[in-house]
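Structure data follow from coords07.cif (mmCIF, C-alpha atoms):
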```cif
data_data
#
loop_
_atom_site.label_atom_id
_atom_site.label_comp_id
_atom_site.auth_asym_id
_atom_site.auth_seq_id
_atom_site.Cartn_x
_atom_site.Cartn_y
_atom_site.Cartn_z
CA MET I 1 -56.31 33.29 54.15
CA SER I 2 -55.13 31.28 57.12
CA ALA I 3 -56.76 31.59 60.50
CA LEU I 4 -57.54 29.95 63.78
CA SER I 5 -61.18 28.95 64.05
CA PRO I 6 -63.09 30.93 66.71
CA SER I 7 -63.48 27.72 68.72
CA ALA I 8 -59.90 26.48 68.18
CA VAL I 9 -58.42 24.24 70.84
CA ILE I 10 -54.89 25.40 71.69
CA ALA I 11 -52.83 23.62 74.33
CA GLY I 12 -49.20 23.30 75.35
CA ILE I 13 -47.75 25.59 72.68
CA ASP I 14 -45.85 28.79 73.39
CA ASP I 15 -46.46 31.96 71.38
CA ALA I 16 -43.24 31.68 69.36
CA ASP I 17 -43.92 28.12 68.18
CA ARG I 18 -47.57 28.98 67.50
CA GLN I 19 -46.50 31.86 65.25
CA ILE I 20 -43.98 29.64 63.42
CA VAL I 21 -46.63 27.02 62.66
CA LEU I 22 -49.30 29.56 61.68
CA THR I 23 -46.81 31.29 59.39
CA LEU I 24 -46.23 27.99 57.59
CA TYR I 25 -49.93 27.92 56.69
CA ARG I 26 -49.81 31.58 55.67
CA ALA I 27 -47.10 30.67 53.13
CA PHE I 28 -49.70 28.52 51.37
CA SER I 29 -52.86 30.57 51.83
CA GLU I 30 -51.19 33.88 50.89
CA ASN I 31 -48.97 32.42 48.11
CA ARG I 32 -45.82 33.54 49.93
CA PRO I 33 -43.23 30.78 49.45
CA GLU I 34 -40.50 33.06 50.86
CA LEU I 35 -42.08 32.57 54.30
CA MET I 36 -40.68 29.04 54.23
CA ASP I 37 -37.24 30.63 54.70
CA VAL I 38 -38.47 32.12 57.98
CA VAL I 39 -40.21 29.05 59.43
CA ALA I 40 -38.34 25.98 58.16
CA THR I 41 -34.77 24.74 58.25
CA PRO I 42 -33.07 24.48 54.84
CA ASP I 43 -33.17 20.68 55.08
CA TRP I 44 -36.80 20.60 56.30
CA GLN I 45 -38.36 17.22 55.71
CA ASP I 46 -41.88 17.17 54.27
CA ILE I 47 -43.23 13.66 54.72
CA PRO I 48 -44.53 12.42 52.34
CA LEU I 49 -43.34 14.48 49.39
CA ALA I 50 -45.94 15.49 46.80
CA PRO I 51 -45.57 14.16 43.26
CA GLY I 52 -42.63 15.98 41.68
CA GLN I 53 -41.66 17.76 44.92
CA GLN I 54 -37.96 18.11 45.67
CA GLN I 55 -36.45 17.73 49.15
CA GLY I 56 -35.99 20.65 51.59
CA ARG I 57 -37.82 23.91 52.07
CA ASP I 58 -36.88 25.05 48.54
CA GLY I 59 -38.56 21.95 47.16
CA ILE I 60 -42.01 23.03 48.36
CA LYS I 61 -41.83 26.60 47.04
CA PRO I 62 -42.94 25.85 43.43
CA LEU I 63 -45.87 23.82 44.77
CA ILE I 64 -47.08 26.72 46.90
CA GLY I 65 -47.63 28.83 43.76
CA ALA I 66 -49.20 25.91 41.89
CA PHE I 67 -51.52 25.23 44.81
CA LYS I 68 -52.68 28.85 44.94
CA ALA I 69 -53.15 28.92 41.15
CA ALA I 70 -55.39 25.87 41.31
CA PHE I 71 -57.33 27.17 44.33
CA PRO I 72 -57.06 30.99 44.31
CA ASP I 73 -59.66 31.48 47.06
CA MET I 74 -58.13 28.82 49.27
CA ALA I 75 -58.46 29.26 53.03
CA ILE I 76 -56.84 27.20 55.76
CA THR I 77 -58.63 27.06 59.09
CA ILE I 78 -56.88 25.61 62.11
CA HIS I 79 -59.22 23.87 64.55
CA THR I 80 -56.66 22.35 66.95
CA LEU I 81 -53.05 23.09 67.93
CA ILE I 82 -51.60 20.83 70.60
CA ALA I 83 -47.92 20.77 71.46
CA ALA I 84 -45.61 18.77 73.68
CA GLY I 85 -41.85 18.43 73.69
CA GLY I 86 -41.21 20.34 70.45
CA ASN I 87 -43.94 18.50 68.53
CA VAL I 88 -47.02 20.36 67.33
CA ALA I 89 -50.16 18.54 66.22
CA VAL I 90 -52.53 20.38 63.90
CA ARG I 91 -56.09 19.54 62.90
CA GLY I 92 -57.36 21.84 60.22
CA GLU I 93 -59.34 22.24 57.05
CA ILE I 94 -58.61 23.58 53.59
CA THR I 95 -61.51 25.08 51.64
CA GLY I 96 -61.61 26.66 48.23
CA THR I 97 -62.76 26.47 44.64
CA HIS I 98 -60.99 24.33 42.05
CA LEU I 99 -60.20 26.90 39.33
CA GLY I 100 -56.95 25.51 37.89
CA ASP I 101 -55.32 22.21 37.02
CA TRP I 102 -54.38 20.06 40.02
CA PHE I 103 -53.18 16.45 40.03
CA GLY I 104 -54.01 16.35 36.33
CA VAL I 105 -57.62 17.37 36.94
CA PRO I 106 -58.65 20.42 34.90
CA ALA I 107 -60.58 23.15 36.70
CA THR I 108 -64.06 22.03 37.70
CA GLY I 109 -65.28 25.23 39.36
CA ARG I 110 -66.41 23.11 42.31
CA ARG I 111 -66.01 24.12 45.96
CA PHE I 112 -64.36 21.72 48.35
CA SER I 113 -63.60 21.18 51.99
CA MET I 114 -60.71 18.92 52.93
CA PRO I 115 -59.57 17.94 56.42
CA ILE I 116 -55.85 17.99 57.20
CA HIS I 117 -53.90 16.42 60.03
CA GLU I 118 -50.27 17.38 60.46
CA PHE I 119 -47.44 17.03 62.94
CA HIS I 120 -44.54 19.47 62.99
CA ARG I 121 -41.22 19.15 64.79
CA VAL I 122 -39.96 22.56 65.97
CA GLU I 123 -36.35 22.98 67.09
CA GLY I 124 -34.51 26.24 67.64
CA GLY I 125 -37.40 28.34 66.36
CA ARG I 126 -37.72 26.50 63.02
CA ILE I 127 -39.73 23.56 61.73
CA THR I 128 -37.43 20.62 60.94
CA HIS I 129 -40.04 18.01 59.94
CA THR I 130 -43.66 17.96 58.84
CA TRP I 131 -45.68 14.77 58.64
CA HIS I 132 -49.00 15.39 56.94
CA LEU I 133 -52.18 13.68 55.82
CA GLU I 134 -54.75 15.39 53.64
CA ASP I 135 -57.92 13.74 52.35
CA TRP I 136 -57.07 13.93 48.64
CA PHE I 137 -59.23 10.90 47.90
CA GLY I 138 -62.24 12.81 49.28
CA TRP I 139 -61.18 15.85 47.25
CA PHE I 140 -61.30 13.81 44.02
CA PHE I 141 -64.86 12.71 44.81
CA GLN I 142 -65.88 16.31 45.58
CA MET I 143 -64.55 17.22 42.12
CA GLY I 144 -66.70 14.46 40.58
CA ILE I 145 -63.70 12.22 39.80
CA ASN I 146 -63.20 8.62 40.84
CA PRO I 147 -59.38 8.44 40.89
CA VAL I 148 -59.53 4.66 40.51
CA GLY I 149 -61.85 4.42 37.55
CA GLY I 150 -62.94 7.74 36.01
CA LEU I 151 -66.08 9.69 36.79
CA ALA I 152 -67.63 9.36 40.23
CA ALA I 153 -71.13 7.97 40.45
#
```

As structure tokens, what does this structure read like?
Amino acid sequence: MSALSPSAVIAGIDDADRQIVLTLYRAFSENRPELMDVVATPDWQDIPLAPGQQQGRDGIKPLIGAFKAAFPDMAITIHTLIAAGGNVAVRGEITGTHLGDWFGVPATGRRFSMPIHEFHRVEGGRITHTWHLEDWFGWFFQMGINPVGGLAA
């Protein structure tokens, strides 16, 4: 599921760009990689790339399925959407349960909540660039793993 929080702050974004950005998150939360063809340019730049991810919108598609397999109840909640001059800033949160292998970590069955901060460049009704930062270090600790040295204390 992907949704705006009831208290979401939305400013400076028109309806068309808002739908484009929200549909990007639906691609992940609903395991619908084909939605990337609707929202992103073929040469979309995802910055930084995930381990093993290929360039372009086709490069993210296999990861969408892997992400949903690892976190089948995943939900993405958008708390803030602010836009100016074709740039859209997003503050959100991913929640779910770790039920499949991810980053080499076998399923733990643990719930998690991870903040995300992303910036999208929208031109001609499509996303051309996404710069993103997720708190994967915090996710490892929520899973009971110290990514630097083994088990968390």

Distance table requested - segment 61-97 of chain I against segment 124-129 of chain I, cut-off 10 Å, all atoms listed in the file: one row per qualifying residue with the closest atom pair and its distance in Å to one decimal, ordered by chain and rising residue number, as a Markdown table.
```
| residue | atom | partner | partner_atom | distance |
| --- | --- | --- | --- | --- |
| I:Gly86 | CA | I:Gly124 | CA | 9.4 |
| I:Asn87 | CA | I:His129 | CA | 9.4 |
| I:Val88 | CA | I:Ile127 | CA | 9.7 |
```

Self-check item: Selection result of the PyMOL selection byres ((chain I and resi 133) around 7) on this file, as a list in words
Solution: Ile116, His117, Glu118, His132, Glu134 and Asp135 of chain I

Quiz item: Within 12 Å of Gly85 of chain I, counting all atoms listed in the file, which residues qualify if same-chain residues fewer than 3 places away don't, as a ChimeraX atom specification?
Solution: /I:12-14,17,82,88-89,120-123

Those residues with C-alpha atoms, as a JSON list (two decimals), keeping the file's coordinate frame please?
```
[["chain", "number", "residue", "atom", "x", "y", "z"],
["I", 12, "GLY", "CA", -49.20, 23.30, 75.35],
["I", 13, "ILE", "CA", -47.75, 25.59, 72.68],
["I", 14, "ASP", "CA", -45.85, 28.79, 73.39],
["I", 17, "ASP", "CA", -43.92, 28.12, 68.18],
["I", 82, "ILE", "CA", -51.60, 20.83, 70.60],
["I", 88, "VAL", "CA", -47.02, 20.36, 67.33],
["I", 89, "ALA", "CA", -50.16, 18.54, 66.22],
["I", 120, "HIS", "CA", -44.54, 19.47, 62.99],
["I", 121, "ARG", "CA", -41.22, 19.15, 64.79],
["I", 122, "VAL", "CA", -39.96, 22.56, 65.97],
["I", 123, "GLU", "CA", -36.35, 22.98, 67.09]]
```

Quiz item: By how many Å are atom CA of Glu34 of chain I and atom CA of Pro51 of chain I apart?
Solution: 21.0 Å

Self-check item: Hits of the PyMOL selection byres ((chain I and resi 65) around 10) in this structure, as number ranges by chain
Solution: I: 27-33, 60-64, 66-72

Selection export as a short mmCIF file (atom, residue, chain, number, x, y, z; two decimals), in the coordinates of the input, atoms kept: C-alpha atoms:
```cif
data_model
loop_
_atom_site.label_atom_id
_atom_site.label_comp_id
_atom_site.auth_asym_id
_atom_site.auth_seq_id
_atom_site.Cartn_x
_atom_site.Cartn_y
_atom_site.Cartn_z
CA ALA I 27 -47.10 30.67 53.13
CA PHE I 28 -49.70 28.52 51.37
CA SER I 29 -52.86 30.57 51.83
CA GLU I 30 -51.19 33.88 50.89
CA ASN I 31 -48.97 32.42 48.11
CA ARG I 32 -45.82 33.54 49.93
CA PRO I 33 -43.23 30.78 49.45
CA ILE I 60 -42.01 23.03 48.36
CA LYS I 61 -41.83 26.60 47.04
CA PRO I 62 -42.94 25.85 43.43
CA LEU I 63 -45.87 23.82 44.77
CA ILE I 64 -47.08 26.72 46.90
CA ALA I 66 -49.20 25.91 41.89
CA PHE I 67 -51.52 25.23 44.81
CA LYS I 68 -52.68 28.85 44.94
CA ALA I 69 -53.15 28.92 41.15
CA ALA I 70 -55.39 25.87 41.31
CA PHE I 71 -57.33 27.17 44.33
CA PRO I 72 -57.06 30.99 44.31
#
```

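Proximity of I:Val148, I:Met36, I:Ala16, I:Met143 to Arg110 of chain I, computed with all atoms listed in the file, is greatest for I:Met143.
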
If we count all atoms listed in the file, what is near Val38 of chain I at a cut-off of 9 Å, once residues fewer than 3 positions away on the same chain are taken out, given as an mmCIF file with C-alpha atoms, in the coordinates of the input?
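Contents of selection.cif, freshly written:
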```
data_model
loop_
_atom_site.group_PDB
_atom_site.id
_atom_site.type_symbol
_atom_site.label_atom_id
_atom_site.label_comp_id
_atom_site.auth_asym_id
_atom_site.auth_seq_id
_atom_site.Cartn_x
_atom_site.Cartn_y
_atom_site.Cartn_z
ATOM 1 C CA ILE I 20 -43.980 29.640 63.420
ATOM 2 C CA THR I 23 -46.810 31.290 59.390
ATOM 3 C CA LEU I 24 -46.230 27.990 57.590
ATOM 4 C CA GLU I 34 -40.500 33.060 50.860
ATOM 5 C CA LEU I 35 -42.080 32.570 54.300
ATOM 6 C CA THR I 41 -34.770 24.740 58.250
ATOM 7 C CA ARG I 126 -37.720 26.500 63.020
#
```

Quiz item: Do you have the atom CA of Asp43 of chain I-atom CA of Gln55 of chain I distance handy?
Solution: 7.4 Å

Quiz item: What is the atom CA of Gln53 of chain I-atom CA of Arg18 of chain I distance in Å, reported with one decimal?
Solution: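 Between these atoms lies a distance of 25.9 Å.
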
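Restricting the calculation to only C-alpha atoms, the smallest distance between Phe103 of chain I and any of I:Trp44, I:Trp131, I:Trp136, I:Phe141 is found for I:Trp136.
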
Quiz item: Of the candidates I:Asp101, I:Gly96, I:Ala11, I:Ala83, which shows the shortest atom-to-atom distance to Gln142 of chain I, using all atoms listed in the file?
Solution: I:Gly96

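When the PyMOL selection byres ((chain I and resi 7) around 10) is run on the displayed coordinates, the residues it returns are Leu4, Ser5, Pro6, Ala8, Val9, Ile10, Ile78, His79 and Thr80 of chain I.
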
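Closest approach to Gly92 of chain I from the set I:Gln45, I:Ser113, I:Thr130, I:Thr108 is made by I:Ser113, with distances taken over only C-alpha atoms.
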
Restore N, CA and C atoms in segment 34-56 of chain I and list the result as a PDB file, keeping the file's coordinate frame.
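What landed in rebuild29.pdb:
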```
ATOM      1  N   GLU I  34     -41.676  32.550  50.150  1.00  0.00           N
ATOM      2  CA  GLU I  34     -40.500  33.060  50.860  1.00  0.00           C
ATOM      3  C   GLU I  34     -40.647  32.920  52.373  1.00  0.00           C
ATOM      4  N   LEU I  35     -41.882  32.776  52.862  1.00  0.00           N
ATOM      5  CA  LEU I  35     -42.080  32.570  54.300  1.00  0.00           C
ATOM      6  C   LEU I  35     -41.494  31.249  54.768  1.00  0.00           C
ATOM      7  N   MET I  36     -41.312  30.310  53.862  1.00  0.00           N
ATOM      8  CA  MET I  36     -40.680  29.040  54.230  1.00  0.00           C
ATOM      9  C   MET I  36     -39.260  29.273  54.747  1.00  0.00           C
ATOM     10  N   ASP I  37     -38.591  30.315  54.238  1.00  0.00           N
ATOM     11  CA  ASP I  37     -37.240  30.630  54.700  1.00  0.00           C
ATOM     12  C   ASP I  37     -37.236  31.085  56.162  1.00  0.00           C
ATOM     13  N   VAL I  38     -38.347  31.626  56.614  1.00  0.00           N
ATOM     14  CA  VAL I  38     -38.470  32.120  57.980  1.00  0.00           C
ATOM     15  C   VAL I  38     -38.826  30.987  58.940  1.00  0.00           C
ATOM     16  N   VAL I  39     -39.651  30.040  58.496  1.00  0.00           N
ATOM     17  CA  VAL I  39     -40.210  29.050  59.430  1.00  0.00           C
ATOM     18  C   VAL I  39     -39.549  27.682  59.388  1.00  0.00           C
ATOM     19  N   ALA I  40     -38.859  27.337  58.313  1.00  0.00           N
ATOM     20  CA  ALA I  40     -38.340  25.980  58.160  1.00  0.00           C
ATOM     21  C   ALA I  40     -36.819  25.975  58.001  1.00  0.00           C
ATOM     22  N   THR I  41     -36.209  24.909  58.460  1.00  0.00           N
ATOM     23  CA  THR I  41     -34.770  24.740  58.250  1.00  0.00           C
ATOM     24  C   THR I  41     -34.533  24.446  56.769  1.00  0.00           C
ATOM     25  N   PRO I  42     -33.337  24.750  56.250  1.00  0.00           N
ATOM     26  CA  PRO I  42     -33.070  24.480  54.840  1.00  0.00           C
ATOM     27  C   PRO I  42     -33.289  23.023  54.447  1.00  0.00           C
ATOM     28  N   ASP I  43     -33.003  22.107  55.374  1.00  0.00           N
ATOM     29  CA  ASP I  43     -33.170  20.680  55.080  1.00  0.00           C
ATOM     30  C   ASP I  43     -34.490  20.116  55.624  1.00  0.00           C
ATOM     31  N   TRP I  44     -35.467  20.991  55.823  1.00  0.00           N
ATOM     32  CA  TRP I  44     -36.800  20.600  56.300  1.00  0.00           C
ATOM     33  C   TRP I  44     -37.269  19.363  55.556  1.00  0.00           C
ATOM     34  N   GLN I  45     -37.834  18.448  56.306  1.00  0.00           N
ATOM     35  CA  GLN I  45     -38.360  17.220  55.710  1.00  0.00           C
ATOM     36  C   GLN I  45     -39.876  17.273  55.678  1.00  0.00           C
ATOM     37  N   ASP I  46     -40.433  17.198  54.493  1.00  0.00           N
ATOM     38  CA  ASP I  46     -41.880  17.170  54.270  1.00  0.00           C
ATOM     39  C   ASP I  46     -42.231  15.725  53.948  1.00  0.00           C
ATOM     40  N   ILE I  47     -42.993  15.091  54.817  1.00  0.00           N
ATOM     41  CA  ILE I  47     -43.230  13.660  54.720  1.00  0.00           C
ATOM     42  C   ILE I  47     -44.733  13.392  54.637  1.00  0.00           C
ATOM     43  N   PRO I  48     -45.241  12.820  53.549  1.00  0.00           N
ATOM     44  CA  PRO I  48     -44.530  12.420  52.340  1.00  0.00           C
ATOM     45  C   PRO I  48     -44.419  13.588  51.357  1.00  0.00           C
ATOM     46  N   LEU I  49     -43.475  13.474  50.446  1.00  0.00           N
ATOM     47  CA  LEU I  49     -43.340  14.480  49.390  1.00  0.00           C
ATOM     48  C   LEU I  49     -44.507  14.362  48.413  1.00  0.00           C
ATOM     49  N   ALA I  50     -44.914  15.485  47.853  1.00  0.00           N
ATOM     50  CA  ALA I  50     -45.940  15.490  46.800  1.00  0.00           C
ATOM     51  C   ALA I  50     -45.316  15.004  45.494  1.00  0.00           C
ATOM     52  N   PRO I  51     -46.135  14.558  44.549  1.00  0.00           N
ATOM     53  CA  PRO I  51     -45.570  14.160  43.260  1.00  0.00           C
ATOM     54  C   PRO I  51     -44.748  15.289  42.644  1.00  0.00           C
ATOM     55  N   GLY I  52     -43.511  14.998  42.295  1.00  0.00           N
ATOM     56  CA  GLY I  52     -42.630  15.980  41.680  1.00  0.00           C
ATOM     57  C   GLY I  52     -41.939  16.932  42.644  1.00  0.00           C
ATOM     58  N   GLN I  53     -42.263  16.858  43.925  1.00  0.00           N
ATOM     59  CA  GLN I  53     -41.660  17.760  44.920  1.00  0.00           C
ATOM     60  C   GLN I  53     -40.232  17.347  45.212  1.00  0.00           C
ATOM     61  N   GLN I  54     -39.354  18.337  45.289  1.00  0.00           N
ATOM     62  CA  GLN I  54     -37.960  18.110  45.670  1.00  0.00           C
ATOM     63  C   GLN I  54     -37.824  18.220  47.183  1.00  0.00           C
ATOM     64  N   GLN I  55     -36.726  17.700  47.719  1.00  0.00           N
ATOM     65  CA  GLN I  55     -36.450  17.730  49.150  1.00  0.00           C
ATOM     66  C   GLN I  55     -36.189  19.166  49.641  1.00  0.00           C
ATOM     67  N   GLY I  56     -36.344  19.383  50.947  1.00  0.00           N
ATOM     68  CA  GLY I  56     -35.990  20.650  51.590  1.00  0.00           C
ATOM     69  C   GLY I  56     -37.052  21.719  51.408  1.00  0.00           C
TER      70      GLY I  56
END
```
